[in-house]
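Listing of work02.cif, mmCIF, C-alpha atoms, pLDDT in the B column; chains and numbers go by the auth columns
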data_structure
loop_
_atom_site.group_PDB
_atom_site.id
_atom_site.type_symbol
_atom_site.label_atom_id
_atom_site.label_comp_id
_atom_site.label_asym_id
_atom_site.label_seq_id
_atom_site.Cartn_x
_atom_site.Cartn_y
_atom_site.Cartn_z
_atom_site.B_iso_or_equiv
_atom_site.auth_seq_id
_atom_site.auth_asym_id
ATOM 1 C CA MET A 1 0.000 0.000 0.000 44.00 133 A
ATOM 2 C CA ALA A 2 1.292 3.457 -0.849 48.00 134 A
ATOM 3 C CA ASP A 3 2.269 5.814 1.962 53.00 135 A
ATOM 4 C CA LEU A 4 1.005 8.882 0.118 51.00 136 A
ATOM 5 C CA VAL A 5 -2.638 9.120 -0.831 50.00 137 A
ATOM 6 C CA ILE A 6 -3.726 12.198 -2.741 51.00 138 A
ATOM 7 C CA ASN A 7 -6.812 13.970 -1.339 48.00 139 A
ATOM 8 C CA GLU A 8 -6.823 11.813 1.800 49.00 140 A
ATOM 9 C CA ARG A 9 -9.405 13.241 4.194 56.00 141 A
ATOM 10 C CA ARG A 10 -8.648 11.077 7.230 55.00 142 A
ATOM 11 C CA ARG A 11 -6.502 12.408 10.069 57.00 143 A
ATOM 12 C CA GLU A 12 -5.216 8.969 11.104 60.00 144 A
ATOM 13 C CA PRO A 13 -4.193 5.867 9.123 56.00 145 A
ATOM 14 C CA ARG A 14 -6.660 2.975 9.147 59.00 146 A
ATOM 15 C CA ARG A 15 -5.834 -0.615 9.923 60.00 147 A
ATOM 16 C CA ALA A 16 -7.667 -3.897 9.757 61.00 148 A
ATOM 17 C CA PRO A 17 -8.638 -5.550 13.040 65.00 149 A
ATOM 18 C CA ALA A 18 -5.981 -7.824 14.521 61.00 150 A
ATOM 19 C CA GLY A 19 -7.293 -11.367 14.047 55.00 151 A
ATOM 20 C CA ASP A 20 -10.407 -12.689 15.769 52.00 152 A
ATOM 21 C CA ALA A 21 -10.934 -10.415 18.743 51.00 153 A
ATOM 22 C CA GLY A 22 -13.983 -12.366 19.960 52.00 154 A
ATOM 23 C CA ASP A 23 -15.309 -10.700 23.106 50.00 155 A
ATOM 24 C CA LEU A 24 -13.111 -7.656 22.430 60.00 156 A
ATOM 25 C CA ASP A 25 -15.430 -6.438 19.683 78.00 157 A
ATOM 26 C CA PRO A 26 -16.837 -2.956 20.272 85.00 158 A
ATOM 27 C CA HIS A 27 -20.283 -2.646 21.850 87.00 159 A
ATOM 28 C CA VAL A 28 -22.640 -0.250 20.069 88.00 160 A
ATOM 29 C CA PRO A 29 -25.833 0.731 21.929 86.00 161 A
ATOM 30 C CA GLY A 30 -28.904 -0.579 20.109 87.00 162 A
ATOM 31 C CA ALA A 31 -27.033 -2.548 17.437 89.00 163 A
ATOM 32 C CA ARG A 32 -25.251 -5.876 17.103 90.00 164 A
ATOM 33 C CA VAL A 33 -21.742 -5.643 15.642 90.00 165 A
ATOM 34 C CA LEU A 34 -21.269 -8.308 12.962 88.00 166 A
ATOM 35 C CA GLU A 35 -17.759 -7.384 11.859 90.00 167 A
ATOM 36 C CA VAL A 36 -15.127 -4.719 12.500 89.00 168 A
ATOM 37 C CA ILE A 37 -13.977 -3.507 9.089 90.00 169 A
ATOM 38 C CA ASP A 38 -11.186 -1.163 10.137 87.00 170 A
ATOM 39 C CA THR A 39 -10.047 1.087 12.954 85.00 171 A
ATOM 40 C CA SER A 40 -7.882 4.119 13.542 86.00 172 A
ATOM 41 C CA ALA A 41 -6.906 6.177 16.574 83.00 173 A
ATOM 42 C CA ARG A 42 -9.905 8.468 15.985 88.00 174 A
ATOM 43 C CA GLY A 43 -12.361 6.265 14.124 89.00 175 A
ATOM 44 C CA LEU A 44 -14.138 2.955 13.746 89.00 176 A
ATOM 45 C CA ARG A 45 -15.975 1.300 10.856 92.00 177 A
ATOM 46 C CA CYS A 46 -18.212 -1.747 11.444 93.00 178 A
ATOM 47 C CA ARG A 47 -20.820 -3.912 9.795 94.00 179 A
ATOM 48 C CA LEU A 48 -24.028 -3.981 11.882 94.00 180 A
ATOM 49 C CA ALA A 49 -27.290 -5.916 12.045 94.00 181 A
ATOM 50 C CA GLN A 50 -29.260 -2.734 12.881 94.00 182 A
ATOM 51 C CA PRO A 51 -28.908 0.825 11.586 95.00 183 A
ATOM 52 C CA VAL A 52 -27.616 3.759 13.612 94.00 184 A
ATOM 53 C CA ARG A 53 -28.640 7.316 12.816 94.00 185 A
ATOM 54 C CA PRO A 54 -25.951 9.560 11.240 95.00 186 A
ATOM 55 C CA GLY A 55 -25.381 12.781 13.150 94.00 187 A
ATOM 56 C CA ARG A 56 -25.984 11.103 16.505 94.00 188 A
ATOM 57 C CA SER A 57 -23.479 11.076 19.361 95.00 189 A
ATOM 58 C CA MET A 58 -23.326 7.817 21.269 93.00 190 A
ATOM 59 C CA PRO A 59 -21.099 6.155 23.878 92.00 191 A
ATOM 60 C CA LEU A 60 -19.094 3.263 22.425 90.00 192 A
ATOM 61 C CA ARG A 61 -17.656 0.531 24.655 89.00 193 A
ATOM 62 C CA LEU A 62 -14.302 -0.185 23.057 86.00 194 A
ATOM 63 C CA PRO A 63 -11.516 -2.613 23.914 83.00 195 A
ATOM 64 C CA THR A 64 -8.410 -0.956 25.320 78.00 196 A
ATOM 65 C CA ALA A 65 -5.071 -2.210 26.574 76.00 197 A
ATOM 66 C CA HIS A 66 -6.619 -2.361 30.084 78.00 198 A
ATOM 67 C CA GLY A 67 -9.975 -3.996 29.294 80.00 199 A
ATOM 68 C CA ARG A 68 -12.898 -1.891 28.073 82.00 200 A
ATOM 69 C CA GLY A 69 -13.381 1.833 28.002 85.00 201 A
ATOM 70 C CA VAL A 70 -16.254 4.091 27.032 88.00 202 A
ATOM 71 C CA LEU A 71 -15.504 6.749 24.423 88.00 203 A
ATOM 72 C CA PRO A 72 -17.984 9.201 22.935 92.00 204 A
ATOM 73 C CA GLY A 73 -18.410 8.654 19.205 93.00 205 A
ATOM 74 C CA PHE A 74 -20.207 10.583 16.474 94.00 206 A
ATOM 75 C CA VAL A 75 -21.973 8.571 13.744 95.00 207 A
ATOM 76 C CA VAL A 76 -20.530 9.907 10.509 95.00 208 A
ATOM 77 C CA ARG A 77 -22.463 7.603 8.185 95.00 209 A
ATOM 78 C CA CYS A 78 -24.599 4.487 8.061 96.00 210 A
ATOM 79 C CA GLU A 79 -25.704 2.801 4.854 96.00 211 A
ATOM 80 C CA VAL A 80 -27.109 -0.497 3.663 97.00 212 A
ATOM 81 C CA CYS A 81 -24.229 -2.686 2.523 95.00 213 A
ATOM 82 C CA ARG A 82 -25.935 -6.043 1.963 94.00 214 A
ATOM 83 C CA VAL A 83 -29.450 -7.426 1.596 96.00 215 A
ATOM 84 C CA THR A 84 -29.936 -11.184 1.947 91.00 216 A
ATOM 85 C CA ARG A 85 -32.835 -13.505 2.650 93.00 217 A
ATOM 86 C CA HIS A 86 -31.728 -13.384 6.308 90.00 218 A
ATOM 87 C CA GLY A 87 -31.976 -9.607 6.571 93.00 219 A
ATOM 88 C CA VAL A 88 -30.247 -6.310 5.940 96.00 220 A
ATOM 89 C CA GLN A 89 -26.687 -5.467 6.968 95.00 221 A
ATOM 90 C CA TYR A 90 -25.457 -1.935 7.510 96.00 222 A
ATOM 91 C CA GLU A 91 -22.016 -0.373 7.397 96.00 223 A
ATOM 92 C CA ALA A 92 -21.476 2.454 9.870 95.00 224 A
ATOM 93 C CA ALA A 93 -18.559 4.734 10.678 94.00 225 A
ATOM 94 C CA TRP A 94 -17.852 6.721 13.829 93.00 226 A
ATOM 95 C CA SER A 95 -15.528 9.612 14.528 92.00 227 A
ATOM 96 C CA LEU A 96 -14.149 9.497 18.081 90.00 228 A
ATOM 97 C CA GLU A 97 -13.767 12.682 20.111 86.00 229 A
ATOM 98 C CA SER A 98 -10.577 11.513 21.792 83.00 230 A
ATOM 99 C CA PRO A 99 -7.852 9.119 20.594 83.00 231 A
ATOM 100 C CA TRP A 100 -8.522 5.398 21.092 78.00 232 A
ATOM 101 C CA ARG A 101 -5.516 3.545 22.500 73.00 233 A
ATOM 102 C CA HIS A 102 -6.431 -0.030 21.588 63.00 234 A
ATOM 103 C CA GLU A 103 -3.081 -1.726 21.102 55.00 235 A
#
Transcribe the structure of this file into structure tokens.
Amino acid sequence: MADLVINERRREPRRAPAGDAGDLDPHVPGARVLEVIDTSARGLRCRLAQPVRPGRSMPLRLPTAHGRGVLPGFVVRCEVCRVTRHGVQYEAAWSLESPWRHE
């Protein structure tokens, strides 16, 4: 992957989740997290079973180096990413107000 990306709007580099985190997946109020797509120090993108409303602030329970912590997050977007006979899946992204130290 190139180090320089023209017109990059993100403040922090993204990275894929480290393996199968299991019970270390983030907890989103009112939605079940199906998959963590990528993370950064100030953001999170997940696939969900329920939608979340863009423009909403919500507390996210996130894994940290010392267990779990609660960080305020702002829903930047949420869109339908897949429709199957089992239901609809959504992809949502959050901007975090403070840096997330999760390694």
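With only the atoms specified (only C-alpha atoms) counting, those residues at most 8 Å away from (-22.4, 10.5, 22.0) are A:Arg188, A:Ser189, A:Met190, A:Pro191, A:Leu192, A:Pro204, A:Gly205, A:Phe206.
CA of Leu180 in chain A sits 11.1 Å away from CA of Gly219 in chain A.
Take CA of Trp226 in chain A and CA of His159 in chain A: the distance between them is 12.6 Å.
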### Task
Could you give me, as a PyMOL selection string, the residues that sit within 12 Å of (-16.5, 3.2, 23.7) in the file's coordinates, counting only C-alpha atoms?
chain A and resi 156-161+174-176+189-196+199-206+226-234
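Taken over the whole file, the PyMOL selection byres ((chain A and resi 221) around 8) covers exactly Arg179, Leu180, Ala181, Gln182, Val212, Cys213, Arg214, Val215, Gly219, Val220, Tyr222 and Glu223 of chain A.
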### Message
the PyMOL selection byres ((chain A and resi 169) around 8) - which residues does that actually catch in the file I just gave you? List them as a ChimeraX atom specification.
### Response
/A:148-149,167-168,170-171,176-179
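Here CA of Thr216 in chain A and CA of Ala163 in chain A stand 18.0 Å from one another.
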Selected range 148-233 of chain A, written as an mmCIF file, in the first residue's frame, C-alpha atoms:
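To be explicit, this is the file written out as selection.cif:
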data_model
loop_
_atom_site.group_PDB
_atom_site.id
_atom_site.type_symbol
_atom_site.label_atom_id
_atom_site.label_comp_id
_atom_site.auth_asym_id
_atom_site.auth_seq_id
_atom_site.Cartn_x
_atom_site.Cartn_y
_atom_site.Cartn_z
ATOM 1 C CA ALA A 148 -7.667 -3.897 9.757
ATOM 2 C CA PRO A 149 -8.638 -5.550 13.040
ATOM 3 C CA ALA A 150 -5.981 -7.824 14.521
ATOM 4 C CA GLY A 151 -7.293 -11.367 14.047
ATOM 5 C CA ASP A 152 -10.407 -12.689 15.769
ATOM 6 C CA ALA A 153 -10.934 -10.415 18.743
ATOM 7 C CA GLY A 154 -13.983 -12.366 19.960
ATOM 8 C CA ASP A 155 -15.309 -10.700 23.106
ATOM 9 C CA LEU A 156 -13.111 -7.656 22.430
ATOM 10 C CA ASP A 157 -15.430 -6.438 19.683
ATOM 11 C CA PRO A 158 -16.837 -2.956 20.272
ATOM 12 C CA HIS A 159 -20.283 -2.646 21.850
ATOM 13 C CA VAL A 160 -22.640 -0.250 20.069
ATOM 14 C CA PRO A 161 -25.833 0.731 21.929
ATOM 15 C CA GLY A 162 -28.904 -0.579 20.109
ATOM 16 C CA ALA A 163 -27.033 -2.548 17.437
ATOM 17 C CA ARG A 164 -25.251 -5.876 17.103
ATOM 18 C CA VAL A 165 -21.742 -5.643 15.642
ATOM 19 C CA LEU A 166 -21.269 -8.308 12.962
ATOM 20 C CA GLU A 167 -17.759 -7.384 11.859
ATOM 21 C CA VAL A 168 -15.127 -4.719 12.500
ATOM 22 C CA ILE A 169 -13.977 -3.507 9.089
ATOM 23 C CA ASP A 170 -11.186 -1.163 10.137
ATOM 24 C CA THR A 171 -10.047 1.087 12.954
ATOM 25 C CA SER A 172 -7.882 4.119 13.542
ATOM 26 C CA ALA A 173 -6.906 6.177 16.574
ATOM 27 C CA ARG A 174 -9.905 8.468 15.985
ATOM 28 C CA GLY A 175 -12.361 6.265 14.124
ATOM 29 C CA LEU A 176 -14.138 2.955 13.746
ATOM 30 C CA ARG A 177 -15.975 1.300 10.856
ATOM 31 C CA CYS A 178 -18.212 -1.747 11.444
ATOM 32 C CA ARG A 179 -20.820 -3.912 9.795
ATOM 33 C CA LEU A 180 -24.028 -3.981 11.882
ATOM 34 C CA ALA A 181 -27.290 -5.916 12.045
ATOM 35 C CA GLN A 182 -29.260 -2.734 12.881
ATOM 36 C CA PRO A 183 -28.908 0.825 11.586
ATOM 37 C CA VAL A 184 -27.616 3.759 13.612
ATOM 38 C CA ARG A 185 -28.640 7.316 12.816
ATOM 39 C CA PRO A 186 -25.951 9.560 11.240
ATOM 40 C CA GLY A 187 -25.381 12.781 13.150
ATOM 41 C CA ARG A 188 -25.984 11.103 16.505
ATOM 42 C CA SER A 189 -23.479 11.076 19.361
ATOM 43 C CA MET A 190 -23.326 7.817 21.269
ATOM 44 C CA PRO A 191 -21.099 6.155 23.878
ATOM 45 C CA LEU A 192 -19.094 3.263 22.425
ATOM 46 C CA ARG A 193 -17.656 0.531 24.655
ATOM 47 C CA LEU A 194 -14.302 -0.185 23.057
ATOM 48 C CA PRO A 195 -11.516 -2.613 23.914
ATOM 49 C CA THR A 196 -8.410 -0.956 25.320
ATOM 50 C CA ALA A 197 -5.071 -2.210 26.574
ATOM 51 C CA HIS A 198 -6.619 -2.361 30.084
ATOM 52 C CA GLY A 199 -9.975 -3.996 29.294
ATOM 53 C CA ARG A 200 -12.898 -1.891 28.073
ATOM 54 C CA GLY A 201 -13.381 1.833 28.002
ATOM 55 C CA VAL A 202 -16.254 4.091 27.032
ATOM 56 C CA LEU A 203 -15.504 6.749 24.423
ATOM 57 C CA PRO A 204 -17.984 9.201 22.935
ATOM 58 C CA GLY A 205 -18.410 8.654 19.205
ATOM 59 C CA PHE A 206 -20.207 10.583 16.474
ATOM 60 C CA VAL A 207 -21.973 8.571 13.744
ATOM 61 C CA VAL A 208 -20.530 9.907 10.509
ATOM 62 C CA ARG A 209 -22.463 7.603 8.185
ATOM 63 C CA CYS A 210 -24.599 4.487 8.061
ATOM 64 C CA GLU A 211 -25.704 2.801 4.854
ATOM 65 C CA VAL A 212 -27.109 -0.497 3.663
ATOM 66 C CA CYS A 213 -24.229 -2.686 2.523
ATOM 67 C CA ARG A 214 -25.935 -6.043 1.963
ATOM 68 C CA VAL A 215 -29.450 -7.426 1.596
ATOM 69 C CA THR A 216 -29.936 -11.184 1.947
ATOM 70 C CA ARG A 217 -32.835 -13.505 2.650
ATOM 71 C CA HIS A 218 -31.728 -13.384 6.308
ATOM 72 C CA GLY A 219 -31.976 -9.607 6.571
ATOM 73 C CA VAL A 220 -30.247 -6.310 5.940
ATOM 74 C CA GLN A 221 -26.687 -5.467 6.968
ATOM 75 C CA TYR A 222 -25.457 -1.935 7.510
ATOM 76 C CA GLU A 223 -22.016 -0.373 7.397
ATOM 77 C CA ALA A 224 -21.476 2.454 9.870
ATOM 78 C CA ALA A 225 -18.559 4.734 10.678
ATOM 79 C CA TRP A 226 -17.852 6.721 13.829
ATOM 80 C CA SER A 227 -15.528 9.612 14.528
ATOM 81 C CA LEU A 228 -14.149 9.497 18.081
ATOM 82 C CA GLU A 229 -13.767 12.682 20.111
ATOM 83 C CA SER A 230 -10.577 11.513 21.792
ATOM 84 C CA PRO A 231 -7.852 9.119 20.594
ATOM 85 C CA TRP A 232 -8.522 5.398 21.092
ATOM 86 C CA ARG A 233 -5.516 3.545 22.500
#
